[in-house]
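Note sheet for the following structure.
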Amino acid sequence: MPDNRPHNRPDSPPGSSAEPARRDDSPAEARRVLLSRTFDDDAELYDRARPGYPPELYGDLADLAGAVPGSRVLEIGCGTGQATVPLAGRGCRITAVEAGPRMAVIARRNLAESPAAEVVTAEFESWPLPAEPFDVVLAATAFHWIDPAVRVPRAAEALRPGGALAVVRSQHVMGGTEEFFVEVQRCYERFDPATPPGLRPPVADEVDNSDHAEEVARSGRFGRTVFRRYERDLTYTTAEYLDVLRTYSGHRALPEAARSGLLACVAGLIDGRHGGRVTKRYLIELGVSLRR
């Protein structure tokens, strides 16, 4: 798998317009652990800048995965609670496992009014599973950071028969301020020479999710994976967009001088050619698999 390099899509390997659409959530295995730890460096920024999820996703979590009031949910990699807080508000009983200690502190703060939610600071791969199984195991934009050798089998071990593995994935797709995402590529090529020319966000319909379905199927522990997709446009001011970029692992891993130059280049483009605002289109995918 190619190495992760920062460009105008978060946490994704390089590709070109002639290649099949690459996913944002495919970190190179050699750098997976290193990149996954960058988020905790500035957890307050992550909490402020990272968007939540569309409301209809939580309805589908209830309908397809059984994340309903009173259900026991194990969340893997809760971050600062972007999905945890809404689920707790719906009455789920949540145990959230977060490897980043700073992220976990903020998640607890955000869940202070949700007594049925607890946050455990631990790595999911080595966290002792409770004796009582869960109804739902959820990973929201976090499953790709878990060791591929254990993430599906451990999820199955944590679930009761008939319980659901629910994996949420995010992808930057074509749409929004399309000309900006063409123009900004020059900034990435300038400040990260390893960035190949011609990178473009894929068309939503071209984004393939079969890799996840096949991984789950290979385990033999789950039935067929059912998917739901949601597209949303989010508009950012220059400062807001730079904050989002600062939360991406690939950008955080750049040398400081290159990162500063890149962000200045991006800011100049937004302010100089796009009136200080750009719109980014996200594809959010929910995949639900029921344990045999």
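Following the order of the structure tokens, chains are lettered A, B, ..., residues in each are numbered from 1, and ligands are numbered from 1.
Residues in contact with Arg259 in chain A at up to 9 Å, not including ones fewer than 6 positions away on its chain and judged by only C-alpha atoms, are Phe191, Asp192, Arg246, His251, Arg252 and Ala253 of chain A.
Close contacts of Gly268 in chain A, defined as residues with an atom at most 12 Å away when counting only C-alpha atoms, with chain neighbours fewer than 5 positions off set aside, comprise Phe180, Glu183, Val184, Cys187, Thr238, Ala239, Leu242, Gly261, Leu262, Leu263, Arg273, His274, Gly275, Gly276 and Arg277 of chain A.
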Would you mind exporting the chosen residues as a tab-separated table (two decimals), in the first residue's frame, restricted to N, CA, C and O atoms?
chain	number	residue	atom	x	y	z
A	180	PHE	N	-11.77	25.35	-6.52
A	180	PHE	CA	-10.76	25.50	-5.46
A	180	PHE	C	-9.96	24.22	-5.29
A	180	PHE	O	-8.74	24.25	-5.15
A	183	GLU	N	-7.44	24.02	-8.02
A	183	GLU	CA	-6.37	25.01	-7.88
A	183	GLU	C	-5.44	24.70	-6.70
A	183	GLU	O	-4.23	24.90	-6.78
A	184	VAL	N	-6.00	24.23	-5.60
A	184	VAL	CA	-5.21	24.05	-4.39
A	184	VAL	C	-4.18	22.94	-4.54
A	184	VAL	O	-3.21	22.86	-3.78
A	187	CYS	N	-0.65	23.97	-4.43
A	187	CYS	CA	-0.05	24.19	-3.10
A	187	CYS	C	0.54	22.89	-2.57
A	187	CYS	O	1.66	22.89	-2.02
A	238	THR	N	-11.95	30.86	5.76
A	238	THR	CA	-10.54	30.50	5.61
A	238	THR	C	-10.00	29.93	6.91
A	238	THR	O	-9.35	28.86	6.91
A	239	ALA	N	-10.24	30.61	8.02
A	239	ALA	CA	-9.71	30.13	9.31
A	239	ALA	C	-10.29	28.78	9.68
A	239	ALA	O	-9.57	27.90	10.18
A	242	LEU	N	-8.61	26.03	7.51
A	242	LEU	CA	-7.25	25.74	7.96
A	242	LEU	C	-7.28	24.92	9.25
A	242	LEU	O	-6.44	24.02	9.43
A	261	GLY	N	4.05	26.58	5.21
A	261	GLY	CA	3.98	27.08	3.84
A	261	GLY	C	2.73	26.61	3.13
A	261	GLY	O	2.09	27.39	2.40
A	262	LEU	N	2.37	25.36	3.33
A	262	LEU	CA	1.17	24.81	2.71
A	262	LEU	C	-0.07	25.55	3.19
A	262	LEU	O	-0.91	25.98	2.38
A	263	LEU	N	-0.21	25.72	4.49
A	263	LEU	CA	-1.39	26.39	5.02
A	263	LEU	C	-1.48	27.84	4.56
A	263	LEU	O	-2.57	28.34	4.26
A	273	ARG	N	-9.03	34.24	-4.17
A	273	ARG	CA	-9.81	33.83	-5.34
A	273	ARG	C	-11.23	33.36	-5.00
A	273	ARG	O	-12.05	33.18	-5.91
A	274	HIS	N	-11.51	33.14	-3.73
A	274	HIS	CA	-12.81	32.56	-3.39
A	274	HIS	C	-13.54	33.31	-2.29
A	274	HIS	O	-14.43	32.75	-1.63
A	275	GLY	N	-13.16	34.58	-2.10
A	275	GLY	CA	-13.91	35.43	-1.19
A	275	GLY	C	-13.87	35.01	0.26
A	275	GLY	O	-14.77	35.38	1.04
A	276	GLY	N	-12.87	34.22	0.65
A	276	GLY	CA	-12.73	33.85	2.04
A	276	GLY	C	-13.60	32.71	2.51
A	276	GLY	O	-13.68	32.45	3.71
A	277	ARG	N	-14.24	31.99	1.57
A	277	ARG	CA	-15.11	30.87	1.95
A	277	ARG	C	-15.03	29.79	0.89
A	277	ARG	O	-15.02	30.09	-0.32
Next item on the list: For range 127-134 of chain A, please output as a PyMOL selection string all residues within 7 Å (counting only C-alpha atoms; exclusion window: fewer than 5 positions along the same chain).
Entry: chain A and resi 72-74+122+158-160
Output of the above residues as a PDB file, in the first residue's frame, restricted to N, CA, C and O atoms:
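For reference, again-v3.pdb as written:
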ATOM      1  N   ARG A  72     -26.839  -1.373  24.643  1.00  0.00           N
ATOM      2  CA  ARG A  72     -25.453  -1.260  25.095  1.00  0.00           C
ATOM      3  C   ARG A  72     -24.553  -1.103  23.869  1.00  0.00           C
ATOM      4  O   ARG A  72     -24.496  -1.988  23.013  1.00  0.00           O
ATOM      5  N   VAL A  73     -23.851   0.015  23.800  1.00  0.00           N
ATOM      6  CA  VAL A  73     -23.021   0.352  22.646  1.00  0.00           C
ATOM      7  C   VAL A  73     -21.565   0.450  23.091  1.00  0.00           C
ATOM      8  O   VAL A  73     -21.252   1.146  24.066  1.00  0.00           O
ATOM      9  N   LEU A  74     -20.696  -0.240  22.386  1.00  0.00           N
ATOM     10  CA  LEU A  74     -19.256  -0.083  22.549  1.00  0.00           C
ATOM     11  C   LEU A  74     -18.756   0.740  21.374  1.00  0.00           C
ATOM     12  O   LEU A  74     -18.881   0.319  20.222  1.00  0.00           O
ATOM     13  N   ALA A 122      -7.870   3.704  26.581  1.00  0.00           N
ATOM     14  CA  ALA A 122      -7.216   2.426  26.298  1.00  0.00           C
ATOM     15  C   ALA A 122      -7.160   2.222  24.801  1.00  0.00           C
ATOM     16  O   ALA A 122      -7.894   2.857  24.032  1.00  0.00           O
ATOM     17  N   ALA A 158     -16.883  -8.955  21.120  1.00  0.00           N
ATOM     18  CA  ALA A 158     -17.542  -8.007  22.020  1.00  0.00           C
ATOM     19  C   ALA A 158     -19.059  -8.024  21.888  1.00  0.00           C
ATOM     20  O   ALA A 158     -19.760  -7.489  22.763  1.00  0.00           O
ATOM     21  N   LEU A 159     -19.584  -8.616  20.814  1.00  0.00           N
ATOM     22  CA  LEU A 159     -21.007  -8.537  20.516  1.00  0.00           C
ATOM     23  C   LEU A 159     -21.764  -9.792  20.937  1.00  0.00           C
ATOM     24  O   LEU A 159     -21.232 -10.912  20.905  1.00  0.00           O
ATOM     25  N   ARG A 160     -23.017  -9.615  21.285  1.00  0.00           N
ATOM     26  CA  ARG A 160     -23.925 -10.747  21.457  1.00  0.00           C
ATOM     27  C   ARG A 160     -24.295 -11.295  20.082  1.00  0.00           C
ATOM     28  O   ARG A 160     -24.186 -10.575  19.063  1.00  0.00           O
TER      29      ARG A 160
END
### Task
Just the residues within 8 Å of Glu125 in chain A, please, counting only C-alpha atoms, with nothing from its chain fewer than 2 positions along; format it as number ranges by chain.
A: 123, 127, 146-147, 150-151, 154
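Proximity to Val182 in chain A was assessed for A:Arg90, A:Arg221, A:Lys280, A:Arg200 counting only C-alpha atoms; the smallest distance is recorded for A:Arg200.
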